[in-house]
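Asks: Just one file: data07.cif, with mmCIF, N, CA, C and O atoms.
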data_final
#
loop_
_atom_site.label_atom_id
_atom_site.label_comp_id
_atom_site.auth_asym_id
_atom_site.auth_seq_id
_atom_site.Cartn_x
_atom_site.Cartn_y
_atom_site.Cartn_z
N MET A 1 0.82 -1.20 0.00
CA MET A 1 0.00 0.00 0.00
C MET A 1 0.86 1.26 0.00
O MET A 1 0.56 2.21 -0.69
N LEU A 2 1.93 1.25 0.81
CA LEU A 2 2.81 2.42 0.86
C LEU A 2 3.41 2.70 -0.50
O LEU A 2 3.48 3.84 -0.93
N ALA A 3 3.82 1.64 -1.20
CA ALA A 3 4.39 1.82 -2.53
C ALA A 3 3.37 2.45 -3.47
O ALA A 3 3.71 3.29 -4.30
N ILE A 4 2.13 2.06 -3.33
CA ILE A 4 1.06 2.63 -4.16
C ILE A 4 0.89 4.11 -3.85
O ILE A 4 0.80 4.94 -4.75
N LEU A 5 0.89 4.47 -2.56
CA LEU A 5 0.73 5.87 -2.19
C LEU A 5 1.90 6.72 -2.66
O LEU A 5 1.72 7.84 -3.13
N VAL A 6 3.11 6.18 -2.58
CA VAL A 6 4.27 6.92 -3.06
C VAL A 6 4.19 7.11 -4.57
O VAL A 6 4.48 8.19 -5.07
N GLU A 7 3.74 6.10 -5.29
CA GLU A 7 3.59 6.22 -6.74
C GLU A 7 2.52 7.25 -7.08
O GLU A 7 2.68 8.05 -7.99
N ILE A 8 1.43 7.25 -6.32
CA ILE A 8 0.39 8.26 -6.52
C ILE A 8 0.98 9.64 -6.29
O ILE A 8 0.72 10.57 -7.04
N SER A 9 1.80 9.77 -5.26
CA SER A 9 2.36 11.08 -4.94
C SER A 9 3.23 11.61 -6.08
O SER A 9 3.16 12.78 -6.41
N LYS A 10 4.00 10.76 -6.70
CA LYS A 10 4.82 11.18 -7.83
C LYS A 10 3.95 11.60 -9.01
O LYS A 10 4.25 12.55 -9.71
N LYS A 11 2.87 10.88 -9.20
CA LYS A 11 2.01 11.06 -10.37
C LYS A 11 1.18 12.34 -10.31
O LYS A 11 0.92 12.97 -11.32
N HIS A 12 0.76 12.73 -9.11
CA HIS A 12 -0.26 13.77 -9.02
C HIS A 12 0.15 15.04 -8.30
O HIS A 12 -0.70 15.86 -8.00
N TYR A 13 1.41 15.22 -8.01
CA TYR A 13 1.82 16.36 -7.20
C TYR A 13 1.29 17.69 -7.74
O TYR A 13 0.66 18.45 -7.03
N ASN A 14 1.53 17.97 -9.00
CA ASN A 14 1.15 19.27 -9.54
C ASN A 14 -0.33 19.40 -9.86
O ASN A 14 -0.86 20.50 -9.89
N ASN A 15 -1.02 18.29 -10.08
CA ASN A 15 -2.42 18.35 -10.49
C ASN A 15 -3.37 18.71 -9.37
O ASN A 15 -4.44 19.24 -9.62
N TYR A 16 -3.04 18.39 -8.13
CA TYR A 16 -4.04 18.43 -7.09
C TYR A 16 -4.00 19.66 -6.20
O TYR A 16 -4.98 20.03 -5.58
N ILE A 17 -2.90 20.36 -6.15
CA ILE A 17 -2.71 21.44 -5.18
C ILE A 17 -3.84 22.47 -5.25
O ILE A 17 -4.28 22.98 -4.23
N ASN A 18 -4.34 22.79 -6.42
CA ASN A 18 -5.34 23.86 -6.56
C ASN A 18 -6.78 23.41 -6.33
O ASN A 18 -7.68 24.23 -6.40
N ASN A 19 -7.04 22.15 -6.03
CA ASN A 19 -8.41 21.66 -5.99
C ASN A 19 -8.99 21.37 -4.62
O ASN A 19 -10.18 21.14 -4.52
N VAL A 20 -8.21 21.33 -3.57
CA VAL A 20 -8.72 20.79 -2.32
C VAL A 20 -9.13 21.85 -1.31
O VAL A 20 -10.15 21.74 -0.67
N ILE A 21 -8.38 22.91 -1.17
CA ILE A 21 -8.60 23.83 -0.07
C ILE A 21 -9.89 24.65 -0.23
O ILE A 21 -10.59 24.89 0.72
N VAL A 22 -10.21 25.05 -1.44
CA VAL A 22 -11.37 25.91 -1.66
C VAL A 22 -12.62 25.07 -1.84
O VAL A 22 -12.66 24.16 -2.64
N VAL A 23 -13.65 25.37 -1.07
CA VAL A 23 -14.94 24.70 -1.18
C VAL A 23 -15.80 25.55 -2.10
O VAL A 23 -15.51 26.71 -2.34
N SER A 24 -16.88 24.99 -2.60
CA SER A 24 -17.74 25.72 -3.52
C SER A 24 -18.09 27.09 -2.95
O SER A 24 -18.36 27.23 -1.77
N GLY A 25 -18.06 28.09 -3.78
CA GLY A 25 -18.34 29.45 -3.35
C GLY A 25 -17.09 30.16 -2.84
O GLY A 25 -17.17 31.26 -2.33
N GLY A 26 -15.92 29.54 -2.96
CA GLY A 26 -14.68 30.19 -2.56
C GLY A 26 -14.46 30.24 -1.06
O GLY A 26 -13.67 31.02 -0.59
N VAL A 27 -15.15 29.41 -0.29
CA VAL A 27 -15.00 29.41 1.17
C VAL A 27 -13.81 28.52 1.53
O VAL A 27 -13.72 27.40 1.08
N PHE A 28 -12.92 29.06 2.35
CA PHE A 28 -11.78 28.26 2.80
C PHE A 28 -12.18 27.48 4.04
O PHE A 28 -12.86 27.97 4.92
N MET A 29 -11.72 26.23 4.10
CA MET A 29 -12.07 25.36 5.22
C MET A 29 -11.03 25.46 6.32
O MET A 29 -9.85 25.56 6.05
N GLU A 30 -11.49 25.42 7.54
CA GLU A 30 -10.60 25.37 8.69
C GLU A 30 -10.06 23.95 8.80
O GLU A 30 -10.76 22.98 8.60
N GLU A 31 -8.77 23.83 9.14
CA GLU A 31 -8.19 22.50 9.30
C GLU A 31 -8.74 21.84 10.55
O GLU A 31 -8.91 22.48 11.58
N LEU A 32 -9.03 20.56 10.46
CA LEU A 32 -9.55 19.79 11.58
C LEU A 32 -8.47 18.87 12.11
O LEU A 32 -7.58 18.46 11.39
N ARG A 33 -8.58 18.51 13.36
CA ARG A 33 -7.65 17.57 13.97
C ARG A 33 -8.24 16.17 13.96
O ARG A 33 -9.43 15.99 14.12
N PHE A 34 -7.35 15.20 13.78
CA PHE A 34 -7.77 13.81 13.70
C PHE A 34 -6.65 12.95 14.26
O PHE A 34 -5.49 13.10 13.86
N THR A 35 -6.97 12.06 15.18
CA THR A 35 -5.98 11.15 15.73
C THR A 35 -5.87 9.93 14.84
O THR A 35 -6.88 9.31 14.50
N LEU A 36 -4.65 9.58 14.48
CA LEU A 36 -4.41 8.44 13.60
C LEU A 36 -3.48 7.47 14.31
O LEU A 36 -2.41 7.85 14.78
N ARG A 37 -3.88 6.22 14.39
CA ARG A 37 -3.03 5.18 14.96
C ARG A 37 -2.40 4.40 13.82
O ARG A 37 -3.07 4.08 12.84
N MET A 38 -1.10 4.10 13.96
CA MET A 38 -0.44 3.30 12.95
C MET A 38 0.69 2.49 13.58
O MET A 38 1.17 2.82 14.65
N HIS A 39 1.09 1.46 12.88
CA HIS A 39 2.17 0.60 13.32
C HIS A 39 3.46 1.43 13.40
O HIS A 39 3.71 2.29 12.53
N PRO A 40 4.30 1.22 14.41
CA PRO A 40 5.53 2.00 14.56
C PRO A 40 6.46 1.96 13.34
O PRO A 40 7.09 2.97 13.01
N ILE A 41 6.53 0.83 12.67
CA ILE A 41 7.38 0.75 11.48
C ILE A 41 6.83 1.62 10.36
O ILE A 41 7.57 2.32 9.67
N VAL A 42 5.51 1.61 10.19
CA VAL A 42 4.88 2.47 9.18
C VAL A 42 5.15 3.93 9.52
O VAL A 42 5.48 4.73 8.65
N MET A 43 5.05 4.27 10.80
CA MET A 43 5.30 5.65 11.24
C MET A 43 6.73 6.07 10.91
O MET A 43 6.96 7.15 10.35
N LYS A 44 7.70 5.22 11.21
CA LYS A 44 9.09 5.56 10.93
C LYS A 44 9.34 5.71 9.43
O LYS A 44 10.05 6.62 9.00
N LYS A 45 8.75 4.85 8.64
CA LYS A 45 8.93 4.94 7.19
C LYS A 45 8.25 6.19 6.62
O LYS A 45 8.79 6.83 5.72
N MET A 46 7.08 6.52 7.15
CA MET A 46 6.40 7.73 6.69
C MET A 46 7.20 8.98 7.08
O MET A 46 7.28 9.93 6.30
N LYS A 47 7.80 8.98 8.26
CA LYS A 47 8.66 10.11 8.66
C LYS A 47 9.84 10.24 7.70
O LYS A 47 10.23 11.35 7.33
N TYR A 48 10.41 9.12 7.31
CA TYR A 48 11.53 9.12 6.36
C TYR A 48 11.10 9.74 5.03
O TYR A 48 11.78 10.60 4.48
N ILE A 49 9.97 9.29 4.51
CA ILE A 49 9.45 9.80 3.24
C ILE A 49 9.13 11.29 3.35
O ILE A 49 9.45 12.08 2.46
N ALA A 50 8.49 11.68 4.45
CA ALA A 50 8.15 13.09 4.65
C ALA A 50 9.40 13.96 4.65
O ALA A 50 9.44 15.01 4.00
N LYS A 51 10.42 13.52 5.36
CA LYS A 51 11.67 14.28 5.40
C LYS A 51 12.28 14.39 4.02
O LYS A 51 12.75 15.45 3.61
N ALA A 52 12.28 13.29 3.27
CA ALA A 52 12.83 13.29 1.91
C ALA A 52 12.08 14.26 1.00
O ALA A 52 12.65 14.83 0.08
N ASN A 53 10.79 14.46 1.27
CA ASN A 53 9.96 15.37 0.48
C ASN A 53 9.89 16.78 1.05
O ASN A 53 9.16 17.63 0.54
N GLY A 54 10.60 17.02 2.16
CA GLY A 54 10.63 18.36 2.75
C GLY A 54 9.34 18.74 3.45
O GLY A 54 8.99 19.91 3.51
N ARG A 55 8.62 17.76 3.97
CA ARG A 55 7.34 18.02 4.65
C ARG A 55 7.37 17.42 6.05
O ARG A 55 8.14 16.52 6.33
N SER A 56 6.46 17.91 6.88
CA SER A 56 6.24 17.26 8.17
C SER A 56 5.48 15.96 7.92
O SER A 56 4.89 15.77 6.84
N LEU A 57 5.48 15.09 8.90
CA LEU A 57 4.72 13.85 8.77
C LEU A 57 3.25 14.14 8.51
O LEU A 57 2.62 13.54 7.64
N ASN A 58 2.70 15.09 9.24
CA ASN A 58 1.29 15.44 9.08
C ASN A 58 1.00 15.91 7.65
O ASN A 58 0.04 15.46 7.02
N LYS A 59 1.83 16.80 7.13
CA LYS A 59 1.60 17.32 5.78
C LYS A 59 1.82 16.25 4.71
O LYS A 59 1.16 16.25 3.68
N GLU A 60 2.74 15.33 4.97
CA GLU A 60 2.95 14.22 4.03
C GLU A 60 1.70 13.34 3.95
O GLU A 60 1.25 12.99 2.87
N ILE A 61 1.16 13.00 5.10
CA ILE A 61 -0.06 12.17 5.13
C ILE A 61 -1.22 12.92 4.48
O ILE A 61 -1.97 12.35 3.69
N GLU A 62 -1.34 14.21 4.78
CA GLU A 62 -2.40 15.01 4.17
C GLU A 62 -2.26 15.03 2.65
O GLU A 62 -3.25 14.87 1.92
N GLN A 63 -1.05 15.20 2.15
CA GLN A 63 -0.83 15.23 0.71
C GLN A 63 -1.18 13.90 0.07
O GLN A 63 -1.82 13.85 -0.97
N LEU A 64 -0.79 12.80 0.71
CA LEU A 64 -1.14 11.48 0.18
C LEU A 64 -2.65 11.29 0.12
O LEU A 64 -3.19 10.75 -0.86
N LEU A 65 -3.35 11.75 1.14
CA LEU A 65 -4.81 11.64 1.13
C LEU A 65 -5.43 12.47 0.02
O LEU A 65 -6.39 12.05 -0.63
N LYS A 66 -4.87 13.65 -0.24
CA LYS A 66 -5.36 14.47 -1.35
C LYS A 66 -5.20 13.75 -2.68
O LYS A 66 -6.09 13.80 -3.54
N TRP A 67 -4.06 13.07 -2.85
CA TRP A 67 -3.85 12.33 -4.09
C TRP A 67 -4.79 11.14 -4.22
O TRP A 67 -5.24 10.82 -5.32
N VAL A 68 -5.11 10.50 -3.12
CA VAL A 68 -6.08 9.39 -3.15
C VAL A 68 -7.45 9.93 -3.56
O VAL A 68 -8.14 9.33 -4.39
N ILE A 69 -7.83 11.07 -3.01
CA ILE A 69 -9.11 11.70 -3.38
C ILE A 69 -9.11 12.06 -4.86
O ILE A 69 -10.09 11.81 -5.57
N GLU A 70 -8.03 12.62 -5.33
CA GLU A 70 -7.94 12.99 -6.75
C GLU A 70 -8.10 11.76 -7.64
O GLU A 70 -8.84 11.80 -8.64
N ASP A 71 -7.42 10.68 -7.30
CA ASP A 71 -7.55 9.46 -8.09
C ASP A 71 -8.99 8.96 -8.10
O ASP A 71 -9.52 8.56 -9.13
N TYR A 72 -9.64 8.99 -6.93
CA TYR A 72 -11.03 8.56 -6.83
C TYR A 72 -11.92 9.43 -7.72
O TYR A 72 -12.74 8.92 -8.47
N GLU A 73 -11.74 10.75 -7.61
CA GLU A 73 -12.58 11.66 -8.40
C GLU A 73 -12.32 11.53 -9.90
O GLU A 73 -13.24 11.67 -10.70
N ASN A 74 -11.08 11.26 -10.27
CA ASN A 74 -10.79 11.04 -11.69
C ASN A 74 -11.48 9.79 -12.21
O ASN A 74 -11.90 9.74 -13.36
N LYS A 75 -11.63 8.80 -11.36
CA LYS A 75 -12.25 7.54 -11.77
C LYS A 75 -13.78 7.60 -11.71
O LYS A 75 -14.46 7.10 -12.60
N TYR A 76 -14.33 8.22 -10.64
CA TYR A 76 -15.78 8.17 -10.40
C TYR A 76 -16.49 9.51 -10.50
O TYR A 76 -17.71 9.57 -10.36
N GLY A 77 -15.77 10.59 -10.70
CA GLY A 77 -16.38 11.91 -10.77
C GLY A 77 -16.16 12.70 -9.50
O GLY A 77 -15.90 12.15 -8.43
N ARG A 78 -16.28 13.99 -9.65
CA ARG A 78 -16.01 14.92 -8.54
C ARG A 78 -16.99 14.69 -7.40
O ARG A 78 -18.18 14.50 -7.60
N ILE A 79 -16.46 14.73 -6.18
CA ILE A 79 -17.28 14.61 -4.98
C ILE A 79 -17.78 16.01 -4.63
O ILE A 79 -16.98 16.92 -4.42
N SER A 80 -19.08 16.18 -4.60
CA SER A 80 -19.66 17.48 -4.30
C SER A 80 -19.80 17.64 -2.79
O SER A 80 -20.38 16.79 -2.12
N ILE A 81 -19.24 18.72 -2.27
CA ILE A 81 -19.29 19.00 -0.83
C ILE A 81 -20.07 20.30 -0.64
O ILE A 81 -19.70 21.34 -1.16
N SER A 82 -21.15 20.23 0.12
CA SER A 82 -21.92 21.43 0.42
C SER A 82 -21.57 21.91 1.83
O SER A 82 -20.98 21.19 2.62
N ASN A 83 -21.94 23.13 2.13
CA ASN A 83 -21.69 23.66 3.48
C ASN A 83 -22.38 22.82 4.54
O ASN A 83 -21.86 22.66 5.64
N LYS A 84 -23.55 22.27 4.25
CA LYS A 84 -24.28 21.44 5.21
C LYS A 84 -23.52 20.14 5.49
O LYS A 84 -23.52 19.64 6.60
N SER A 85 -22.87 19.57 4.48
CA SER A 85 -22.17 18.31 4.66
C SER A 85 -20.80 18.48 5.31
O SER A 85 -20.15 17.49 5.63
N LEU A 86 -20.36 19.71 5.51
CA LEU A 86 -19.04 19.95 6.12
C LEU A 86 -19.05 19.72 7.62
O LEU A 86 -18.00 19.49 8.21
N SER A 87 -20.21 19.80 8.28
CA SER A 87 -20.23 19.57 9.72
C SER A 87 -19.97 18.10 10.01
O SER A 87 -20.45 17.22 9.32
N ILE A 88 -19.17 17.89 11.02
CA ILE A 88 -18.75 16.52 11.34
C ILE A 88 -19.47 16.00 12.55
O ILE A 88 -19.85 16.67 13.43
#
Kindly present the structure from the file in structure tokens form.

Replies:
Amino acid sequence: MLAILVEISKKHYNNYINNVIVVSGGVFMEELRFTLRMHPIVMKKMKYIAKANGRSLNKEIEQLLKWVIEDYENKYGRISISNKSLSI
């Protein structure tokens, strides 16, 4: 799975940056906090990859998730997010 995510990251770096932060109507979203549990080896490897890419671990994981979303939307169509659906 990690190899897949790294390959996605190489493939989509420039394509996705402009699509995630702005919600319909030009509203910027506040960043949310989320606790993530992972195996210690996965954590160490992700820290290594993040450092190699010049990012924090958090930003590396966030970027990988953005690329996963982009791949999904390219395959199945854009996910529409309304202001009502933003509440968690």

Asks: Atom CA of Met38 of chain A and atom CA of Lys59 of chain A, how far apart in Å?

Replies: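 Distance between the two atoms: 15.9 Å.
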
Asks: At what distance in Å, to one decimal, does atom O of Thr35 of chain A lie from atom C of Arg78 of chain A?

Replies: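 So the answer is 24.7 Å.
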
Asks: For atom CA of Lys47 of chain A and atom CA of Phe34 of chain A, determine how far apart the two atoms are, in Å to one decimal place.

Replies: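 These two atoms are separated by 17.6 Å.
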